[in-house]
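Structure data (compact mmCIF, C-alpha atoms) from run12.txt:
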```txt
# COMPACT_ATOMS: atom_id res chain seq x y z
CA MET I 1 0.00 0.00 0.00
CA GLU I 2 2.83 2.35 0.86
CA ALA I 3 4.35 1.85 -2.61
CA HIS I 4 1.05 3.05 -4.11
CA GLY I 5 0.60 6.01 -1.78
CA VAL I 6 -2.32 4.44 0.07
CA HIS I 7 -2.68 4.97 3.80
CA ALA I 8 -4.81 2.52 5.75
CA GLU I 9 -4.80 0.88 9.11
CA LEU I 10 -4.65 -2.89 8.65
CA ILE I 11 -5.87 -5.18 11.37
CA ASN I 12 -5.18 -8.90 11.41
CA THR I 13 -7.25 -10.67 14.03
CA ASN I 14 -9.43 -13.67 14.74
CA ILE I 15 -12.86 -12.54 13.50
CA MET I 16 -12.33 -9.08 14.99
CA SER I 17 -11.86 -10.54 18.45
CA GLY I 18 -11.82 -7.76 20.99
CA LEU I 19 -12.48 -4.99 18.47
CA GLU I 20 -16.25 -5.19 18.02
CA SER I 21 -17.13 -2.53 20.59
CA ARG I 22 -14.38 -0.13 19.46
CA LEU I 23 -15.22 -0.44 15.76
CA ALA I 24 -19.01 -0.95 15.91
CA GLY I 25 -20.73 0.89 13.07
CA SER I 26 -17.54 2.57 11.86
CA VAL I 27 -16.00 0.25 9.26
CA ASP I 28 -16.44 1.53 5.71
CA LEU I 29 -14.68 -1.32 3.92
CA LEU I 30 -14.23 -4.87 5.16
CA VAL I 31 -12.45 -7.34 2.86
CA VAL I 32 -12.62 -10.95 4.03
CA ASN I 33 -10.89 -13.99 2.54
CA PRO I 34 -12.00 -16.55 5.12
CA PRO I 35 -11.10 -20.22 5.29
CA TYR I 36 -13.79 -21.51 2.89
CA VAL I 37 -12.71 -24.98 1.77
CA PRO I 38 -15.05 -27.76 2.93
CA THR I 39 -13.17 -29.89 5.48
CA PRO I 40 -13.98 -31.93 8.59
CA GLU I 41 -15.04 -29.63 11.45
CA ASP I 42 -12.08 -30.69 13.60
CA GLU I 43 -9.68 -29.02 11.14
CA VAL I 44 -11.17 -25.55 11.66
CA GLY I 45 -8.97 -23.27 13.77
CA ARG I 46 -6.00 -25.61 13.91
CA GLU I 47 -2.50 -24.26 14.08
CA GLY I 48 -0.43 -24.08 10.92
CA ILE I 49 -1.17 -23.60 7.27
CA ALA I 50 -4.35 -25.72 7.30
CA SER I 51 -6.09 -22.96 9.23
CA ALA I 52 -5.81 -20.80 6.10
CA TRP I 53 -8.29 -22.92 4.17
CA ALA I 54 -10.14 -25.26 6.59
CA GLY I 55 -13.75 -24.06 6.51
CA GLY I 56 -15.54 -26.99 8.12
CA GLU I 57 -18.74 -28.52 6.81
CA ASN I 58 -19.65 -26.89 3.48
CA GLY I 59 -16.79 -24.45 4.14
CA ARG I 60 -19.18 -22.27 6.14
CA SER I 61 -18.00 -22.59 9.75
CA VAL I 62 -15.90 -19.44 9.71
CA ILE I 63 -18.08 -17.59 7.19
CA ASP I 64 -21.15 -18.04 9.40
CA LYS I 65 -19.23 -16.55 12.35
CA ILE I 66 -18.04 -13.58 10.31
CA LEU I 67 -21.43 -12.45 8.97
CA PRO I 68 -22.98 -11.27 12.29
CA VAL I 69 -19.72 -9.57 13.26
CA ALA I 70 -19.59 -7.77 9.90
CA ASP I 71 -23.16 -6.59 10.47
CA LYS I 72 -22.11 -4.99 13.76
CA LEU I 73 -18.93 -3.43 12.36
CA LEU I 74 -20.09 -1.94 9.07
CA SER I 75 -21.06 1.71 8.92
CA GLU I 76 -24.34 2.71 7.30
CA ARG I 77 -22.45 3.14 4.00
CA GLY I 78 -20.03 0.26 4.63
CA TRP I 79 -19.15 -2.42 2.10
CA LEU I 80 -18.24 -6.02 2.81
CA TYR I 81 -16.36 -8.01 0.17
CA MET I 82 -16.13 -11.73 0.87
CA VAL I 83 -14.44 -14.52 -1.06
CA THR I 84 -16.46 -17.74 -1.29
CA LEU I 85 -16.56 -21.01 -3.22
CA THR I 86 -19.56 -22.45 -5.03
CA ALA I 87 -19.59 -25.17 -2.34
CA ASN I 88 -20.27 -22.44 0.28
CA ASN I 89 -23.64 -21.72 -1.40
CA PRO I 90 -23.14 -17.99 -2.11
CA SER I 91 -26.83 -17.44 -2.87
CA GLN I 92 -27.73 -18.74 0.61
CA ILE I 93 -25.14 -16.39 2.14
CA CYS I 94 -26.73 -13.51 0.21
CA ARG I 95 -30.22 -14.47 1.42
CA GLN I 96 -28.93 -14.67 5.00
CA MET I 97 -27.55 -11.14 4.76
CA MET I 98 -30.71 -9.89 3.01
CA LYS I 99 -32.64 -10.81 6.15
CA LYS I 100 -30.40 -8.32 7.97
CA GLY I 101 -31.12 -5.57 5.41
CA TYR I 102 -28.18 -6.06 3.04
CA ALA I 103 -28.23 -6.06 -0.72
CA SER I 104 -25.59 -8.18 -2.41
CA ARG I 105 -24.05 -8.97 -5.73
CA ILE I 106 -21.43 -11.39 -6.96
CA VAL I 107 -18.99 -8.91 -8.49
CA VAL I 108 -16.25 -11.29 -9.61
CA GLN I 109 -16.38 -14.97 -10.43
CA ARG I 110 -13.36 -17.05 -11.45
CA SER I 111 -13.11 -20.78 -12.04
CA THR I 112 -10.20 -23.16 -12.23
CA GLU I 113 -10.16 -26.91 -12.61
CA GLU I 114 -10.17 -27.19 -8.81
CA GLU I 115 -12.58 -24.49 -7.65
CA SER I 116 -15.04 -21.76 -8.57
CA LEU I 117 -14.42 -18.59 -6.57
CA HIS I 118 -16.80 -15.67 -6.06
CA ILE I 119 -16.31 -12.25 -4.55
CA ILE I 120 -19.58 -11.05 -3.08
CA LYS I 121 -20.19 -7.43 -2.22
CA PHE I 122 -22.68 -6.62 0.55
CA TRP I 123 -24.05 -3.19 1.45
CA ARG I 124 -26.91 -1.92 3.58
CA ASP I 125 -29.93 -1.31 1.39
CA ILE I 126 -32.26 1.40 2.64
CA ASP I 127 -34.91 0.12 0.21
CA LEU I 128 -35.11 -3.21 2.02
CA GLU I 129 -37.75 -3.20 4.72
CA VAL I 130 -36.78 -5.86 7.21
CA ASP I 131 -39.03 -7.50 9.76
CA ALA I 132 -36.86 -8.96 12.54
CA ASN I 133 -39.02 -12.08 12.77
CA ASN I 134 -39.81 -12.78 9.14
CA GLY I 135 -36.97 -11.29 7.14
CA VAL I 136 -37.42 -9.13 4.05
CA MET I 137 -40.85 -7.62 3.55
CA ASN I 138 -40.22 -5.24 0.64
CA SER I 139 -37.36 -5.06 -1.79
CA GLU I 140 -36.74 -2.58 -4.57
CA PRO I 141 -34.62 -3.56 -7.59
CA VAL I 142 -30.92 -2.68 -7.55
CA SER I 143 -30.02 0.33 -9.66
CA PRO I 144 -27.89 -0.43 -12.75
CA GLY I 145 -25.57 2.36 -11.61
CA ILE I 146 -24.59 0.32 -8.56
CA LEU I 147 -22.95 -2.36 -10.72
CA HIS I 148 -20.92 0.29 -12.54
CA SER I 149 -19.85 1.74 -9.19
CA VAL I 150 -18.93 -1.69 -7.86
CA ARG I 151 -16.85 -2.47 -10.93
CA SER I 152 -14.89 0.76 -10.62
CA GLN I 153 -14.27 0.17 -6.90
CA ILE I 154 -13.46 -3.53 -7.12
CA GLN I 155 -10.68 -2.90 -9.64
CA ARG I 156 -8.66 -1.63 -6.70
CA LEU I 157 -9.34 -4.83 -4.77
CA LEU I 158 -8.73 -7.47 -7.43
CA PHE I 159 -6.96 -10.49 -6.10
CA TRP I 160 -6.02 -11.84 -9.53
CA GLY I 161 -3.54 -9.61 -11.34
CA GLY I 162 -4.36 -8.95 -14.96
CA SER I 163 -7.96 -10.20 -14.65
CA ASP I 164 -10.70 -8.55 -16.69
CA ILE I 165 -13.26 -7.11 -14.29
CA ASN I 166 -16.04 -7.67 -16.83
CA ALA I 167 -15.34 -11.39 -17.27
CA GLY I 168 -17.61 -13.63 -15.26
CA THR I 169 -19.72 -10.99 -13.54
CA ASN I 170 -23.43 -11.56 -13.06
```
Give the structure from the file, written as structure tokens.
Amino acid sequence: MEAHGVHAELINTNIMSGLESRLAGSVDLLVVNPPYVPTPEDEVGREGIASAWAGGENGRSVIDKILPVADKLLSERGWLYMVTLTANNPSQICRQMMKKGYASRIVVQRSTEEESLHIIKFWRDIDLEVDANNGVMNSEPVSPGILHSVRSQIQRLLFWGGSDINAGTN
């Protein structure tokens, strides 16, 4: 970041452990590349390199712990970008966040012989009326301008050098 003239405070922690109260409602951008590979549950949180990918059953053990924390941390205009696999059921993750008042979109999708990765963007949607007991009651369509905005912003966050931002987006 320094080489590109970008100033930011980076925090590396275990699902924001100990920082929730200090950062509640104040995070504008949260980028998460959680352990998402489906593995036996007993591999989650182990020491060593396996902890970088061991996501438990369906690869969702860590993801499902991150989502409520992200909800507490994000500002009203905050964005969450999360890397997932097809095996993590990204559409279910999006529905789960919609119940909390978030719109979402898969902004980048890349496939290899071994895996199909997605980057999902979440943001609070003031047009979503949420009933705490029953989930979404009213939803307005997403403006086409949002996708253009996302594409321009995500270019700065691409994890795959030289990738075409327009390839594989939905």
Q. In Å to one decimal, how far is atom CA of I:Arg46 from atom CA of I:Arg95?
A. 29.4 Å
For stretch 91-131 of chain I against stretch 6-29 of chain I, with a cut-off of 12 Å and counting all atoms listed in the file, what is the closest atom pair and its distance in Å to one decimal for every residue that makes the cut, ordered by chain and number, as JSON lines?
```
{"residue": "I:Lys121", "atom": "CA", "partner": "I:Leu29", "partner_atom": "CA", "distance": 10.3}
{"residue": "I:Phe122", "atom": "CA", "partner": "I:Leu29", "partner_atom": "CA", "distance": 10.2}
{"residue": "I:Trp123", "atom": "CA", "partner": "I:Leu29", "partner_atom": "CA", "distance": 9.9}
{"residue": "I:Arg124", "atom": "CA", "partner": "I:Asp28", "partner_atom": "CA", "distance": 11.2}
```
Q | Computed interatomic separation between atom CA of I:Gly5 and atom CA of I:His118 (Å) | A |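 Atom CA of I:Gly5 sits 28.1 Å away from atom CA of I:His118.
Atom pair atom CA of I:Pro35 / atom CA of I:Val62 has a distance of 6.6 Å (rounded to one decimal).
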(Q) Set the distance at 12 Å and use all atoms listed in the file: which residues neighbour I:Glu57 once local chain neighbours fewer than 6 positions away are removed? I'd like the list as a ChimeraX atom specification. (A) /I:35-44,63-64,87-89
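Using all atoms listed in the file, every residue with an atom at most 10 Å from the point (-26.0, -12.1, 8.4) is listed here: Ile63, Asp64, Lys65, Ile66, Leu67, Pro68, Val69, Ala70, Asp71, Lys72, Ile93, Cys94, Arg95, Gln96, Met97, Met98, Lys99, Lys100, Gly101 and Tyr102 of chain I.
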Q | Nearest to I:Pro34, chosen from I:Thr112, I:Ser75, I:Ser51, I:Ser104, with all atoms listed in the file counted in the distances | A |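 Of the candidates, the smallest distance to I:Pro34 is held by I:Ser51.
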Q: Could you tell me which of I:Ile126, I:Met82, I:Ala50, I:Leu117 comes closest to I:Ala103 if we count only C-alpha atoms?
A: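 With only C-alpha atoms as the atom set, the closest residue is I:Ile126.
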Q: Point out the residue among I:Tyr81, I:Gly55, I:Leu73, I:Glu47 with the least atom-to-atom distance to I:Ile106, counting only C-alpha atoms.
A: I:Tyr81
